[in-house]
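Enquirer: My structure file query.txt, compact mmCIF, C-alpha atoms, is below:
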# COMPACT_ATOMS: atom_id res chain seq x y z
CA MET A 247 -2.43 120.66 141.93
CA HIS A 248 -4.09 121.45 145.25
CA TYR A 249 -2.62 120.26 148.52
CA ARG A 250 -2.15 120.96 152.19
CA GLU A 251 -0.22 119.33 154.97
CA VAL A 252 -2.13 117.26 157.52
CA SER A 253 -0.97 115.82 160.81
CA THR A 254 -1.72 112.24 161.66
CA ALA A 255 -3.26 111.43 164.99
CA ARG A 256 -4.29 107.85 165.74
CA GLU A 257 -4.04 104.45 164.07
CA PHE A 258 -6.42 101.51 164.21
CA VAL A 259 -6.59 97.96 162.96
CA THR A 260 -10.00 96.41 162.66
CA ARG A 261 -11.52 93.11 161.70
CA LEU A 262 -14.84 93.63 159.93
CA GLU A 263 -17.83 91.56 161.04
CA THR A 264 -18.89 88.68 158.80
CA GLY A 265 -22.29 89.48 157.26
CA ALA A 266 -21.97 93.25 157.75
CA ASP A 267 -21.58 95.78 154.95
CA TRP A 268 -17.91 96.60 154.23
CA ARG A 269 -18.31 100.38 153.89
CA GLU A 270 -20.80 100.68 156.74
CA GLU A 271 -18.35 98.92 159.07
CA LEU A 272 -15.76 101.62 158.35
CA GLU A 273 -18.30 104.39 158.85
CA SER A 274 -19.35 102.80 162.17
CA LEU A 275 -15.74 102.74 163.35
CA ALA A 276 -15.40 106.41 162.37
CA ALA A 277 -18.54 107.34 164.31
CA ALA A 278 -17.58 105.29 167.38
CA GLU A 279 -14.08 106.77 167.54
CA GLY A 280 -14.91 110.33 166.43
CA ILE A 281 -12.83 110.02 163.26
CA ASP A 282 -13.43 113.07 161.04
CA ALA A 283 -10.71 112.32 158.48
CA ALA A 284 -8.57 109.27 157.73
CA PHE A 285 -7.00 107.06 155.09
CA PHE A 286 -7.32 103.27 155.09
CA PHE A 287 -6.00 100.09 153.48
CA GLY A 288 -7.64 96.69 153.66
CA LEU A 289 -8.03 93.17 152.30
CA GLY A 290 -10.29 90.18 152.73
CA ALA A 291 -13.32 88.75 150.97
CA VAL A 292 -16.95 89.63 150.29
CA GLN A 293 -19.96 87.45 149.57
CA ASP A 294 -21.32 89.94 147.02
CA ALA A 295 -20.57 93.48 145.92
CA GLU A 296 -21.96 96.59 144.32
CA VAL A 297 -19.25 98.52 142.48
CA TRP A 298 -19.86 101.95 141.01
CA PHE A 299 -18.23 103.29 137.86
CA TYR A 300 -18.16 107.08 137.39
CA ASP A 301 -18.89 108.03 133.79
CA GLN A 302 -16.88 111.20 133.20
CA THR A 303 -19.01 112.24 130.22
CA ASP A 304 -22.41 111.72 131.86
CA THR A 305 -21.02 112.75 135.29
CA GLU A 306 -23.02 109.91 136.84
CA TYR A 307 -22.21 106.81 138.84
CA TYR A 308 -23.41 103.55 137.30
CA PRO A 309 -23.74 100.49 139.58
CA VAL A 310 -22.58 96.99 138.68
CA GLU A 311 -23.71 94.20 141.00
CA PHE A 312 -21.89 90.92 141.62
CA ASP A 313 -23.83 88.20 143.44
CA GLU A 314 -20.88 85.91 144.03
CA PRO A 315 -17.98 85.42 146.45
CA LEU A 316 -15.02 87.69 145.66
CA GLU A 317 -11.59 88.21 147.17
CA VAL A 318 -10.79 91.77 148.19
CA ALA A 319 -7.28 91.80 146.76
CA ALA A 320 -6.83 95.46 147.68
CA CYS A 321 -9.03 98.09 149.25
CA VAL A 322 -8.03 101.73 149.70
CA GLY A 323 -9.99 104.78 150.65
CA ASN A 324 -10.54 107.69 152.95
CA ILE A 325 -12.98 108.89 155.54
CA SER A 326 -14.38 112.40 155.66
CA TRP A 327 -17.66 114.24 156.07
CA LEU A 328 -20.25 114.28 153.27
CA ASP A 329 -23.71 115.79 153.71
CA ASP A 330 -23.31 115.94 157.50
CA GLU A 331 -22.38 112.24 157.77
CA ARG A 332 -19.11 110.37 157.98
CA PHE A 333 -18.44 108.78 154.58
CA ALA A 334 -15.94 106.02 153.75
CA HIS A 335 -14.92 106.66 150.14
CA THR A 336 -13.90 103.12 149.24
CA HIS A 337 -12.22 101.68 146.16
CA ALA A 338 -11.41 98.01 145.74
CA VAL A 339 -9.83 95.48 143.45
CA LEU A 340 -11.92 92.32 143.66
CA SER A 341 -11.03 88.94 142.15
CA ARG A 342 -12.98 85.91 141.07
CA ALA A 343 -11.94 82.27 141.58
CA ASP A 344 -10.40 82.19 138.09
CA GLY A 345 -8.24 85.24 138.86
CA GLU A 346 -10.26 87.72 136.83
CA SER A 347 -10.12 91.14 138.50
CA LEU A 348 -12.89 93.69 138.94
CA ALA A 349 -12.32 97.15 140.32
CA GLY A 350 -14.04 100.38 141.13
CA HIS A 351 -15.81 102.39 143.80
CA LEU A 352 -17.04 99.81 146.33
CA ASN A 353 -20.47 101.07 147.31
CA ALA A 354 -21.52 97.94 149.17
CA GLY A 355 -20.33 94.44 149.89
CA THR A 356 -21.32 91.78 152.38
CA VAL A 357 -18.23 90.98 154.43
CA PHE A 358 -17.00 87.40 154.58
CA ALA A 359 -13.69 88.46 156.14
CA GLY A 360 -12.03 91.85 156.26
CA GLU A 361 -8.97 93.38 157.88
CA VAL A 362 -8.41 97.12 157.65
CA TYR A 363 -5.72 99.55 158.82
CA VAL A 364 -6.90 103.12 159.46
CA LYS A 365 -4.69 106.17 159.98
CA THR A 366 -6.52 109.28 161.18
CA PHE A 367 -5.77 112.94 160.56
CA GLU A 368 -5.96 115.63 163.23
CA GLU A 369 -7.71 118.03 160.84
CA PRO A 370 -11.29 117.21 159.81
CA LEU A 371 -12.14 117.10 156.11
CA GLU A 372 -15.57 117.77 154.64
CA ARG A 373 -16.28 117.01 151.00
CA THR A 374 -17.57 119.85 148.85
CA PHE A 375 -18.98 119.90 145.33
CA ASP A 376 -16.35 120.44 142.63
CA ASP A 377 -17.76 122.21 139.55
CA THR A 378 -15.10 120.80 137.19
CA THR A 379 -15.67 117.10 137.91
CA GLU A 380 -19.15 117.33 139.43
CA LEU A 381 -17.90 115.18 142.30
CA ASP A 382 -17.82 115.82 146.05
CA LEU A 383 -14.09 116.16 146.76
CA TRP A 384 -11.84 117.20 149.63
CA PRO A 385 -11.49 120.98 149.83
CA LEU A 386 -7.82 121.96 149.75
Take the structure I supplied and represent it as structure tokens, if you would.
Expert:
Amino acid sequence: MHYREVSTAREFVTRLETGADWREELESLAAAEGIDAAFFFGLGAVQDAEVWFYDQTDTEYYPVEFDEPLEVAACVGNISWLDDERFAHTHAVLSRADGESLAGHLNAGTVFAGEVYVKTFEEPLERTFDDTTELDLWPL
């Protein structure tokens, strides 16, 4: 296990703009407010979504696209730096009208409605390549 203590700084609540991209809205908030590291929780609905699944054997992300309205039953993630840009690492549980659930790394989704709580850290975090997983992870 790798860990370090971080101090929290500021907290925000935000309502995402209808028609905007879910992840880009979070990255825009981070840029506007100078957020270098944070954790967030959210809920709402999207008009469509692109969810990525990370294949641990191939060490590749594979996209799955959904061109349908979906509830965002739960959305969690974090904000940090990746390749000199603020990146909102976003995971979501999405549900269809019949209650079927879909989940994964939410790469993109057109917002119908979204409400997100963001708690920032005082210390910035920049993702670095991890040789074991071949993912860009927080350095600890």
Enquirer: Restricting the calculation to all atoms listed in the file: of A:Ile281, A:Leu371, A:Val259, A:Ala276, which residue gets closest to A:Trp327?
Expert: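 Comparing A:Ile281, A:Leu371, A:Val259, A:Ala276 against A:Trp327, the winner is A:Leu371.
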Enquirer: Between A:Ala255, A:Val364, A:Ala277, A:Leu340, which residue has the minimum interatomic distance to A:Leu352, considering only C-alpha atoms?
Expert: A:Leu340
Enquirer: Do you have the atom CA of A:Ser274-atom CA of A:Tyr308 distance handy?
Expert: 25.2 Å
Enquirer: What's the 8 Å shell around stretch 328-333 of chain A, counting only C-alpha atoms, without same-chain residues fewer than 6 positions away, as a short mmCIF file (atom, residue, chain, number, x, y, z; two decimals) with C-alpha atoms, keeping the file's coordinate frame?
Expert:
data_model
loop_
_atom_site.label_atom_id
_atom_site.label_comp_id
_atom_site.auth_asym_id
_atom_site.auth_seq_id
_atom_site.Cartn_x
_atom_site.Cartn_y
_atom_site.Cartn_z
CA GLU A 273 -18.30 104.39 158.85
CA ALA A 276 -15.40 106.41 162.37
CA ALA A 277 -18.54 107.34 164.31
CA ASP A 282 -13.43 113.07 161.04
CA GLU A 372 -15.57 117.77 154.64
CA ARG A 373 -16.28 117.01 151.00
CA THR A 374 -17.57 119.85 148.85
CA ASP A 382 -17.82 115.82 146.05
#
Enquirer: Between atom CA of A:Gly323 and atom CA of A:Thr378, measure the distance and give it in Å to one decimal.
Expert: 21.5 Å
Enquirer: Counting all atoms listed in the file, figure out which residue out of A:Ile325, A:Leu289, A:Ala320, A:Val297 gets nearest to A:Leu383.
Expert: A:Ile325
Enquirer: Grab the atom CA of A:Gly345 to atom CA of A:Thr264 distance for me, in Å with one decimal place.
Expert: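 About the pair atom CA of A:Gly345 and atom CA of A:Thr264: they are 22.9 Å apart.
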Enquirer: Give the padded box for stretch 261-275 of chain A as lines of an AutoDock Vina configuration file: axis-aligned, covering all atoms listed in the file, 3 Å on each side, centre and edge lengths in Å to one decimal.
Expert:
center_x = -16.9
center_y = 96.5
center_z = 158.6
size_x = 16.8
size_y = 21.7
size_z = 15.5
Enquirer: Looking at A:Tyr307, A:Tyr363, A:Phe258, A:Phe358, which one is nearest to A:Gly290, with distances taken over only C-alpha atoms?
Expert: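 Among the listed residues, the smallest separation from A:Gly290 belongs to A:Phe358.
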Enquirer: Neighbours of stretch 293-295 of chain A within 6 Å (only C-alpha atoms; same-chain residues fewer than 4 positions away dropped), as an NGL selection string?
Expert: :A and (311-315 or 354-356 or 358)
Enquirer: Which is closer to A:Ala266 than all the others in A:Cys321, A:Val310, A:Val252, A:Ala359, using only C-alpha atoms?
Expert: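 Of the candidates, the smallest distance to A:Ala266 is held by A:Ala359.
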Enquirer: Which residue, A:Val357, A:Ala283, A:Asp301, A:Leu316, has the smallest gap to A:Arg269 when you use only C-alpha atoms?
Expert: A:Val357
Enquirer: If you count all atoms listed in the file, which residues fall within 12 Å of A:Thr379, apart from same-chain ones fewer than 2 positions away, as a list in words?
Expert: Tyr300, Asp301, Gln302, Thr303, Asp304, Thr305, Glu306, Thr374, Phe375, Asp376, Asp377, Leu381, Asp382 and Leu383 of chain A
Enquirer: Quick one: everything within 8 Å of A:Leu386, counting only C-alpha atoms, minus sequence neighbours fewer than 4 positions away in the same chain. Send it as a ChimeraX atom specification.
Expert: /A:248-250
